[in-house]
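Have a look at model-v5.cif below; it lists mmCIF, C-alpha atoms.
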data_protein
#
loop_
_atom_site.label_atom_id
_atom_site.label_comp_id
_atom_site.auth_asym_id
_atom_site.auth_seq_id
_atom_site.Cartn_x
_atom_site.Cartn_y
_atom_site.Cartn_z
CA MET A 1 35.59 83.06 1.30
CA THR A 2 37.90 84.80 -1.16
CA ALA A 3 36.91 85.63 -4.73
CA ALA A 4 39.36 83.00 -5.89
CA GLY A 5 37.71 80.49 -3.59
CA ARG A 6 34.27 81.28 -4.97
CA ILE A 7 35.62 80.96 -8.50
CA ALA A 8 37.11 77.58 -7.65
CA LEU A 9 33.72 76.36 -6.44
CA ARG A 10 32.34 76.90 -9.95
CA LEU A 11 34.35 73.97 -11.21
CA ASP A 12 32.19 71.02 -12.25
CA LYS A 13 32.93 67.33 -12.73
CA ASN A 14 34.63 68.07 -16.06
CA VAL A 15 37.35 70.00 -14.25
CA LEU A 16 39.79 70.16 -17.12
CA ALA A 17 37.36 69.47 -19.96
CA LEU A 18 38.21 71.60 -22.95
CA LEU A 19 34.73 72.60 -23.95
CA PHE A 20 34.46 76.36 -24.75
CA TYR A 21 33.46 77.41 -28.27
CA THR A 22 35.68 75.09 -30.29
CA LYS A 23 34.69 71.81 -31.92
CA ASN A 24 38.15 70.31 -32.30
CA LEU A 25 40.02 71.32 -29.16
CA SER A 26 41.55 67.87 -28.69
CA SER A 27 43.46 68.17 -31.97
CA ILE A 28 44.47 71.76 -31.13
CA HIS A 29 45.67 70.63 -27.70
CA ARG A 30 47.78 67.89 -29.29
CA THR A 31 49.24 70.50 -31.64
CA PHE A 32 50.66 72.73 -28.97
CA MET A 33 51.66 69.75 -26.84
CA SER A 34 53.77 68.74 -29.84
CA GLU A 35 55.22 72.26 -30.03
CA ASN A 36 56.13 72.15 -26.32
CA ASN A 37 57.83 68.78 -26.74
CA LYS A 38 60.16 70.33 -29.30
CA GLN A 39 61.36 72.77 -26.61
CA ILE A 40 62.20 70.10 -24.02
CA ASP A 41 65.47 68.27 -23.52
CA ASN A 42 64.32 64.64 -23.55
CA THR A 43 67.31 63.70 -21.40
CA TYR A 44 65.55 65.16 -18.38
CA LYS A 45 62.04 63.86 -19.00
CA VAL A 46 60.53 61.30 -16.61
CA PRO A 47 58.53 58.73 -18.65
CA ALA A 48 56.19 57.79 -15.81
CA VAL A 49 55.29 61.43 -15.15
CA GLU A 50 54.64 62.04 -18.84
CA GLN A 51 52.46 58.93 -19.02
CA ALA A 52 50.48 60.03 -15.96
CA ILE A 53 49.86 63.44 -17.53
CA ARG A 54 48.78 61.86 -20.82
CA ILE A 55 46.36 59.63 -18.94
CA MET A 56 44.82 62.65 -17.21
CA LEU A 57 44.54 64.59 -20.48
CA PHE A 58 42.81 61.62 -22.08
CA LEU A 59 40.35 61.44 -19.19
CA ALA A 60 39.78 65.21 -19.50
CA ASP A 61 38.95 64.82 -23.20
CA SER A 62 36.52 62.06 -22.24
CA GLY A 63 34.54 64.34 -19.91
CA SER A 64 32.28 62.40 -17.57
CA SER A 65 32.44 59.18 -19.62
CA PRO A 66 34.45 56.54 -17.73
CA GLN A 67 37.35 55.05 -19.66
CA SER A 68 38.44 51.45 -19.23
CA LEU A 69 41.97 50.33 -18.53
CA THR A 70 42.12 48.90 -22.06
CA ASP A 71 41.05 52.20 -23.60
CA ILE A 72 43.61 54.12 -21.56
CA CYS A 73 46.42 51.73 -22.51
CA ARG A 74 45.50 52.01 -26.18
CA GLU A 75 45.39 55.82 -26.09
CA VAL A 76 48.59 56.38 -24.09
CA GLY A 77 50.50 53.45 -25.57
CA ILE A 78 51.63 51.69 -22.40
CA HIS A 79 51.26 48.18 -20.95
CA ARG A 80 48.36 47.31 -18.67
CA SER A 81 50.55 46.75 -15.62
CA LYS A 82 52.21 50.15 -16.00
CA ALA A 83 48.90 51.92 -16.62
CA TYR A 84 47.30 50.21 -13.63
CA SER A 85 50.18 51.28 -11.36
CA ILE A 86 49.94 54.90 -12.52
CA LEU A 87 46.15 54.96 -12.19
CA ASN A 88 46.30 53.40 -8.74
CA THR A 89 48.72 56.14 -7.65
CA LEU A 90 46.56 58.90 -9.13
CA VAL A 91 43.48 57.41 -7.43
CA GLY A 92 45.35 57.47 -4.12
CA PHE A 93 45.87 61.22 -4.46
CA GLY A 94 42.31 61.84 -5.61
CA LEU A 95 43.39 63.06 -9.04
CA VAL A 96 41.60 60.17 -10.75
CA LYS A 97 38.44 58.40 -9.62
CA LYS A 98 37.73 54.72 -10.11
CA ASN A 99 34.04 54.03 -10.57
CA PRO A 100 32.43 51.93 -7.82
CA ASN A 101 31.32 49.36 -10.37
CA ARG A 102 35.00 48.99 -11.34
CA ARG A 103 34.23 49.68 -14.98
CA GLY A 104 36.33 52.71 -15.71
CA TYR A 105 38.13 55.84 -14.61
CA THR A 106 37.33 59.58 -14.64
CA LEU A 107 39.11 62.66 -13.34
CA GLY A 108 38.96 63.02 -9.56
CA LEU A 109 37.89 65.89 -7.34
CA GLY A 110 41.42 66.14 -5.99
CA LEU A 111 42.11 68.37 -8.97
CA LEU A 112 39.90 71.03 -7.36
CA THR A 113 42.50 71.53 -4.65
CA LEU A 114 45.27 72.12 -7.18
CA VAL A 115 43.22 74.44 -9.36
CA GLY A 116 41.89 76.30 -6.34
CA LYS A 117 45.42 76.94 -5.04
CA MET A 118 46.48 78.16 -8.48
CA LEU A 119 43.53 80.56 -8.61
CA GLU A 120 44.34 81.88 -5.15
CA ASN A 121 47.73 82.95 -6.49
CA LEU A 122 45.98 85.27 -8.93
CA ASN A 123 44.99 87.51 -6.01
CA LEU A 124 41.95 88.73 -7.95
CA PRO A 125 40.28 91.54 -5.97
CA GLN A 126 36.70 91.03 -4.83
CA LEU A 127 35.39 93.68 -7.20
CA LEU A 128 35.99 91.54 -10.31
CA GLU A 129 33.04 89.26 -9.64
CA PRO A 130 30.29 91.94 -9.67
CA ILE A 131 31.85 93.72 -12.66
CA LEU A 132 31.99 90.59 -14.79
CA TYR A 133 28.56 89.39 -13.69
CA ASP A 134 27.07 92.79 -14.53
CA LEU A 135 28.59 92.64 -18.01
CA ALA A 136 27.18 89.13 -18.51
CA LYS A 137 23.68 90.30 -17.55
CA LYS A 138 23.84 93.33 -19.81
CA ALA A 139 25.14 91.26 -22.73
CA GLY A 140 22.78 88.35 -22.12
CA ALA A 141 25.74 86.09 -22.82
CA THR A 142 28.62 84.24 -21.16
CA VAL A 143 31.53 86.36 -19.93
CA ALA A 144 34.90 84.73 -19.24
CA LEU A 145 38.10 86.08 -17.74
CA GLY A 146 41.31 84.53 -19.06
CA VAL A 147 45.02 84.89 -18.46
CA ILE A 148 48.08 84.36 -20.63
CA SER A 149 50.76 81.80 -19.85
CA ASP A 150 53.46 81.26 -22.46
CA ASP A 151 51.72 80.63 -25.79
CA LYS A 152 48.40 79.54 -24.26
CA THR A 153 45.46 81.18 -22.52
CA PHE A 154 43.51 79.82 -19.54
CA VAL A 155 39.99 80.65 -18.34
CA VAL A 156 40.01 81.52 -14.63
CA ALA A 157 36.43 82.76 -14.16
CA GLN A 158 33.11 82.67 -16.01
CA PHE A 159 29.69 84.19 -15.56
CA GLU A 160 26.57 83.26 -17.52
CA GLY A 161 24.06 86.00 -18.26
CA ALA A 162 21.83 84.27 -20.79
CA PRO A 163 18.69 82.47 -19.60
CA GLY A 164 18.20 78.95 -20.86
CA LEU A 165 20.70 77.74 -23.43
CA GLY A 166 24.07 79.41 -22.93
CA VAL A 167 27.71 78.92 -23.78
CA SER A 168 29.98 77.23 -21.25
CA ALA A 169 33.52 78.45 -20.59
CA PRO A 170 34.81 76.00 -17.95
CA ILE A 171 37.50 77.17 -15.58
CA GLY A 172 40.78 75.63 -16.65
CA HIS A 173 39.80 75.75 -20.34
CA VAL A 174 42.91 76.27 -22.47
CA THR A 175 43.40 77.55 -26.01
CA PRO A 176 46.34 78.66 -28.13
CA ILE A 177 47.16 82.33 -27.63
CA THR A 178 46.11 83.02 -31.24
CA TYR A 179 42.60 81.63 -30.83
CA GLY A 180 39.56 83.59 -31.99
CA ALA A 181 38.51 87.01 -30.72
CA HIS A 182 40.70 86.98 -27.63
CA GLY A 183 43.67 85.94 -29.78
CA LYS A 184 43.11 89.00 -31.97
CA VAL A 185 42.79 91.38 -29.04
CA ILE A 186 45.97 90.01 -27.44
CA ALA A 187 47.85 90.36 -30.72
CA ALA A 188 46.57 93.90 -31.22
CA PHE A 189 48.19 95.12 -28.02
CA LEU A 190 51.47 93.24 -28.22
CA PRO A 191 54.66 95.22 -28.82
CA GLU A 192 55.58 95.16 -32.51
CA GLN A 193 58.52 92.78 -32.06
CA GLU A 194 56.43 90.25 -30.15
CA LEU A 195 53.63 90.48 -32.71
CA ASP A 196 56.11 89.76 -35.49
CA GLN A 197 57.37 86.71 -33.61
CA LEU A 198 53.84 85.51 -32.97
CA LEU A 199 52.86 85.73 -36.64
CA LYS A 200 55.85 83.57 -37.59
CA LYS A 201 54.28 80.58 -35.86
CA GLN A 202 53.41 77.82 -38.28
CA GLU A 203 49.81 77.50 -37.08
CA LEU A 204 47.61 80.50 -36.24
CA PHE A 205 44.06 79.94 -34.96
CA PHE A 206 42.61 83.46 -35.24
CA TYR A 207 39.90 82.20 -37.60
CA GLY A 208 39.69 78.59 -36.45
CA LYS A 209 41.65 76.26 -38.68
CA PRO A 210 45.11 77.60 -39.55
CA ASP A 211 44.43 77.41 -43.30
CA LYS A 212 41.70 80.06 -42.86
CA PHE A 213 44.20 82.70 -41.72
CA ASP A 214 44.10 85.84 -43.89
CA LYS A 215 46.91 88.20 -42.93
CA ALA A 216 45.48 91.26 -44.75
CA ARG A 217 42.11 90.82 -43.01
CA PHE A 218 43.84 90.17 -39.71
CA MET A 219 45.98 93.32 -39.86
CA ASP A 220 42.91 95.43 -40.69
CA GLU A 221 41.00 93.92 -37.76
CA ILE A 222 43.70 94.46 -35.16
CA ALA A 223 44.18 98.04 -36.37
CA GLN A 224 40.47 98.62 -35.75
CA CYS A 225 40.77 96.80 -32.43
CA ARG A 226 43.41 99.27 -31.25
CA LEU A 227 41.01 102.13 -32.02
CA ASP A 228 37.92 100.51 -30.47
CA GLY A 229 39.51 98.70 -27.53
CA PHE A 230 37.80 95.43 -28.41
CA ALA A 231 37.74 92.73 -31.11
CA ILE A 232 34.77 90.92 -32.64
CA GLU A 233 34.56 87.40 -34.04
CA LEU A 234 31.42 86.62 -36.00
CA GLY A 235 30.91 82.92 -36.60
CA ASP A 236 34.48 82.10 -37.64
CA MET A 237 34.83 79.38 -35.02
CA ILE A 238 31.26 78.04 -35.02
CA PRO A 239 28.57 79.42 -37.36
CA GLY A 240 26.02 81.47 -35.45
CA MET A 241 28.17 81.83 -32.35
CA ASN A 242 29.84 85.20 -31.94
CA ALA A 243 32.39 86.63 -29.53
CA ILE A 244 33.68 89.96 -28.29
CA ALA A 245 37.04 90.30 -26.54
CA ALA A 246 38.80 93.11 -24.69
CA PRO A 247 42.34 93.08 -23.28
CA VAL A 248 43.52 93.14 -19.71
CA LEU A 249 46.79 95.09 -19.71
CA ASP A 250 49.62 95.51 -17.24
CA GLN A 251 51.03 98.85 -16.13
CA ASP A 252 53.14 99.02 -19.30
CA GLY A 253 50.15 98.50 -21.54
CA ARG A 254 51.04 94.90 -22.45
CA PRO A 255 48.39 92.16 -22.48
CA ILE A 256 48.34 89.82 -19.48
CA GLY A 257 44.81 88.53 -19.98
CA TYR A 258 41.46 89.16 -21.60
CA ILE A 259 37.71 89.10 -21.14
CA THR A 260 35.39 87.54 -23.69
CA VAL A 261 31.65 87.81 -24.23
CA VAL A 262 30.35 84.77 -26.11
CA GLY A 263 26.84 83.97 -27.27
CA PHE A 264 24.29 83.74 -30.05
CA PHE A 265 23.85 87.51 -30.48
CA THR A 266 23.75 89.62 -33.63
CA ARG A 267 26.45 91.81 -35.11
CA GLU A 268 24.49 94.88 -34.05
CA HIS A 269 24.34 93.65 -30.47
CA ALA A 270 28.08 92.89 -30.56
CA LEU A 271 28.82 96.48 -31.59
CA LYS A 272 26.74 97.74 -28.66
CA ILE A 273 28.35 95.42 -26.13
CA GLY A 274 31.90 95.93 -27.42
CA PRO A 275 32.43 99.34 -25.76
CA LEU A 276 31.06 97.97 -22.47
CA ALA A 277 33.52 95.09 -22.63
CA ALA A 278 36.35 97.52 -23.39
CA GLU A 279 35.48 99.59 -20.31
CA VAL A 280 35.39 96.48 -18.13
CA GLY A 281 38.79 95.49 -19.53
CA LYS A 282 40.17 98.93 -18.60
CA THR A 283 38.77 98.65 -15.09
CA ILE A 284 40.25 95.21 -14.55
CA SER A 285 43.57 96.40 -16.00
CA LYS A 286 43.63 99.30 -13.53
CA GLU A 287 42.77 97.11 -10.55
CA THR A 288 44.90 94.05 -11.32
CA GLY A 289 47.52 95.11 -13.85
CA ASN A 290 50.14 95.41 -11.14
CA LYS A 291 49.00 92.29 -9.26
CA ILE A 292 48.84 89.53 -11.88
CA TYR A 293 52.04 88.13 -13.31
CA TRP A 294 51.94 85.68 -16.18
CA LYS A 295 54.89 84.66 -18.32
CA ARG A 296 54.47 85.11 -22.05
CA GLY A 297 56.64 83.37 -24.58
CA PHE A 298 56.35 82.93 -28.33
CA GLN A 299 58.51 80.34 -30.02
CA GLN A 300 60.41 80.95 -33.22
CA GLY A 301 63.17 78.47 -33.91
CA ASN A 302 65.38 78.26 -30.83
CA ASN A 303 64.68 81.84 -29.73
CA LYS A 304 62.09 82.70 -27.12
CA VAL A 305 60.81 86.23 -26.60
CA LEU A 306 59.58 86.73 -23.04
CA SER A 307 57.96 89.66 -21.32
CA SER A 308 56.51 90.10 -17.88
#

Translate the structure described by the file into structure tokens.
Amino acid sequence: MTAAGRIALRLDKNVLALLFYTKNLSSIHRTFMSENNKQIDNTYKVPAVEQAIRIMLFLADSGSSPQSLTDICREVGIHRSKAYSILNTLVGFGLVKKNPNRRGYTLGLGLLTLVGKMLENLNLPQLLEPILYDLAKKAGATVALGVISDDKTFVVAQFEGAPGLGVSAPIGHVTPITYGAHGKVIAAFLPEQELDQLLKKQELFFYGKPDKFDKARFMDEIAQCRLDGFAIELGDMIPGMNAIAAPVLDQDGRPIGYITVVGFFTREHALKIGPLAAEVGKTISKETGNKIYWKRGFQQGNNKVLSS
């Protein structure tokens, strides 16, 4: 079995649940869905496809709790007959599951096939698994590997090194590119023009809620990040929960992904683990920097800055 295949097997019943270390991911997800909608020509949108996607996102937000047809109609804003037709189609493809007692719907295991195929395209070499697992054990915390796609980041692998209560980073988890420690480490290694474009976005999530953003503090932190090779976030997202992030760079030194170490450790422990995370980031960059391609794009008005 390939490394990507093993990673895919780590998916649980909350395949697309957005659970990581954020309390209000549903509202954040709606925010950048709204931003994406502004970029799309509505002339070429297919209503039924959009409604099907909204149904699946609603079920993802609901986790393992079945949602009734009435609840789905209310959330998505469509008639029962239309919702039933869409759900019946999704059930047929295994993307949605109808409970045997006929009292609700959840996401289906058919999504594993899609996510598994996507992960196979990453062509992650076999050596990534032992490296990340070793870092998780040394840190006594959860280590996640993420990639950049447009103005979002996606978790593609996770390893838990803390016994007992740990932090979950489900595969498929998505955040804005400016989110927390990994947002800071991505920003720190962007070319100056792309960083300027990124900071012009109306909502920045480096410190959780956008109104907490402090540009002077941020610029000091990313300057230090460039020197250290890693960024630290100490309780900005959730009090008591801390994170370390290091970049994964392509051959030109531009960020294509990141690794994060997340847990309930102290600042002193974070400073000890940070250099280890930076070294792991360098190793992954060397091994995969010429093998992973992810499109990056930051929106400002009608202009889009892309790099590959």

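What separates CA of Phe206 in chain A from CA of Lys138 in chain A is a distance of 26.2 Å.
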
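Atom to atom, CA of Pro100 in chain A and CA of Ser64 in chain A stand 14.3 Å apart.
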
| request: Excluding Tyr258 in chain A and residues on its chain fewer than 2 positions from it, collect all residues at most 7 Å away from it, counting only C-alpha atoms, and give them as a PyMOL selection string. | output: chain A and resi 145-147+182+245-248+260

What does the file look like for those residues with C-alpha atoms, as a CSV table (one decimal), in the coordinates of the input?
chain,number,residue,atom,x,y,z
A,145,LEU,CA,38.1,86.1,-17.7
A,146,GLY,CA,41.3,84.5,-19.1
A,147,VAL,CA,45.0,84.9,-18.5
A,182,HIS,CA,40.7,87.0,-27.6
A,245,ALA,CA,37.0,90.3,-26.5
A,246,ALA,CA,38.8,93.1,-24.7
A,247,PRO,CA,42.3,93.1,-23.3
A,248,VAL,CA,43.5,93.1,-19.7
A,260,THR,CA,35.4,87.5,-23.7

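Nearest to Gly77 in chain A of all the residues A:Leu227, A:Ala277, A:Pro47, A:Leu90 is A:Pro47, counting only C-alpha atoms.
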
For the file shown, what are the residues hit by the PyMOL selection byres ((chain A and resi 215) around 12), laid out as a tab-separated table (two decimals) with C-alpha atoms, keeping the file's coordinate frame?
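File result.tsv, as written:
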chain	number	residue	atom	x	y	z
A	184	LYS	CA	43.11	89.00	-31.97
A	196	ASP	CA	56.11	89.76	-35.49
A	199	LEU	CA	52.86	85.73	-36.64
A	200	LYS	CA	55.85	83.57	-37.59
A	204	LEU	CA	47.61	80.50	-36.24
A	205	PHE	CA	44.06	79.94	-34.96
A	206	PHE	CA	42.61	83.46	-35.24
A	207	TYR	CA	39.90	82.20	-37.60
A	210	PRO	CA	45.11	77.60	-39.55
A	211	ASP	CA	44.43	77.41	-43.30
A	212	LYS	CA	41.70	80.06	-42.86
A	213	PHE	CA	44.20	82.70	-41.72
A	214	ASP	CA	44.10	85.84	-43.89
A	216	ALA	CA	45.48	91.26	-44.75
A	217	ARG	CA	42.11	90.82	-43.01
A	218	PHE	CA	43.84	90.17	-39.71
A	219	MET	CA	45.98	93.32	-39.86
A	220	ASP	CA	42.91	95.43	-40.69
A	221	GLU	CA	41.00	93.92	-37.76
A	222	ILE	CA	43.70	94.46	-35.16

| Minimum-distance residue to Lys137 in chain A, chosen among A:Leu198, A:Thr175, A:Asp151, A:Glu160 (using all atoms listed in the file) | A:Glu160

Answer key for the PyMOL selection byres ((chain A and resi 239) around 12), residues as a PDB file with C-alpha atoms, in the frame of the given file:
ATOM      1  CA  TYR A  21      33.460  77.410 -28.270  1.00  0.00           C
ATOM      2  CA  THR A  22      35.680  75.090 -30.290  1.00  0.00           C
ATOM      3  CA  LYS A  23      34.690  71.810 -31.920  1.00  0.00           C
ATOM      4  CA  TYR A 207      39.900  82.200 -37.600  1.00  0.00           C
ATOM      5  CA  GLY A 208      39.690  78.590 -36.450  1.00  0.00           C
ATOM      6  CA  GLU A 233      34.560  87.400 -34.040  1.00  0.00           C
ATOM      7  CA  LEU A 234      31.420  86.620 -36.000  1.00  0.00           C
ATOM      8  CA  GLY A 235      30.910  82.920 -36.600  1.00  0.00           C
ATOM      9  CA  ASP A 236      34.480  82.100 -37.640  1.00  0.00           C
ATOM     10  CA  MET A 237      34.830  79.380 -35.020  1.00  0.00           C
ATOM     11  CA  ILE A 238      31.260  78.040 -35.020  1.00  0.00           C
ATOM     12  CA  GLY A 240      26.020  81.470 -35.450  1.00  0.00           C
ATOM     13  CA  MET A 241      28.170  81.830 -32.350  1.00  0.00           C
ATOM     14  CA  ASN A 242      29.840  85.200 -31.940  1.00  0.00           C
ATOM     15  CA  ALA A 243      32.390  86.630 -29.530  1.00  0.00           C
ATOM     16  CA  GLY A 263      26.840  83.970 -27.270  1.00  0.00           C
ATOM     17  CA  PHE A 264      24.290  83.740 -30.050  1.00  0.00           C
ATOM     18  CA  PHE A 265      23.850  87.510 -30.480  1.00  0.00           C
ATOM     19  CA  THR A 266      23.750  89.620 -33.630  1.00  0.00           C
TER      20      THR A 266
END

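Reported to one decimal place, the separation of CA of Cys73 in chain A from CA of Phe58 in chain A is 10.5 Å.
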
Box along x, y and z, 6 Å on every side, all listed atoms of range 68-86 of chain A inside: centre and edge lengths in Å to one decimal, as JSON.
{"center_x": 45.3, "center_y": 51.6, "center_z": -18.8, "size_x": 25.8, "size_y": 21.6, "size_z": 26.8}

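Using all atoms listed in the file, the shortest contact distance between Asp71 in chain A and any of A:Leu59, A:Leu135, A:Val115, A:Ala187 is found at A:Leu59.
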
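Between Leu87 in chain A and the residues A:Leu114, A:Met56, A:Leu109, A:Leu190, the shortest atom-to-atom distance, using all atoms listed in the file, involves A:Met56.
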
| request: Name the residues that the PyMOL selection byres ((chain A and resi 83) around 9) pulls out of this structure, and write them as a ChimeraX atom specification. | output: /A:51-52,55,69,72-73,76,78-82,84-88

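A search radius of 10 Å centred on (32.8, 57.3, -18.8), applied to all atoms listed in the file, returns the residues Leu59, Ser62, Gly63, Ser64, Ser65, Pro66, Gln67, Ser68, Asn99, Arg103, Gly104, Tyr105, Thr106 and Leu107 of chain A.
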
| Skipping near chain neighbours, those fewer than 2 positions away, what residues fall within 6 Å of Gly161 in chain A using only C-alpha atoms, listed as a ChimeraX atom specification? | /A:136-137,140-142
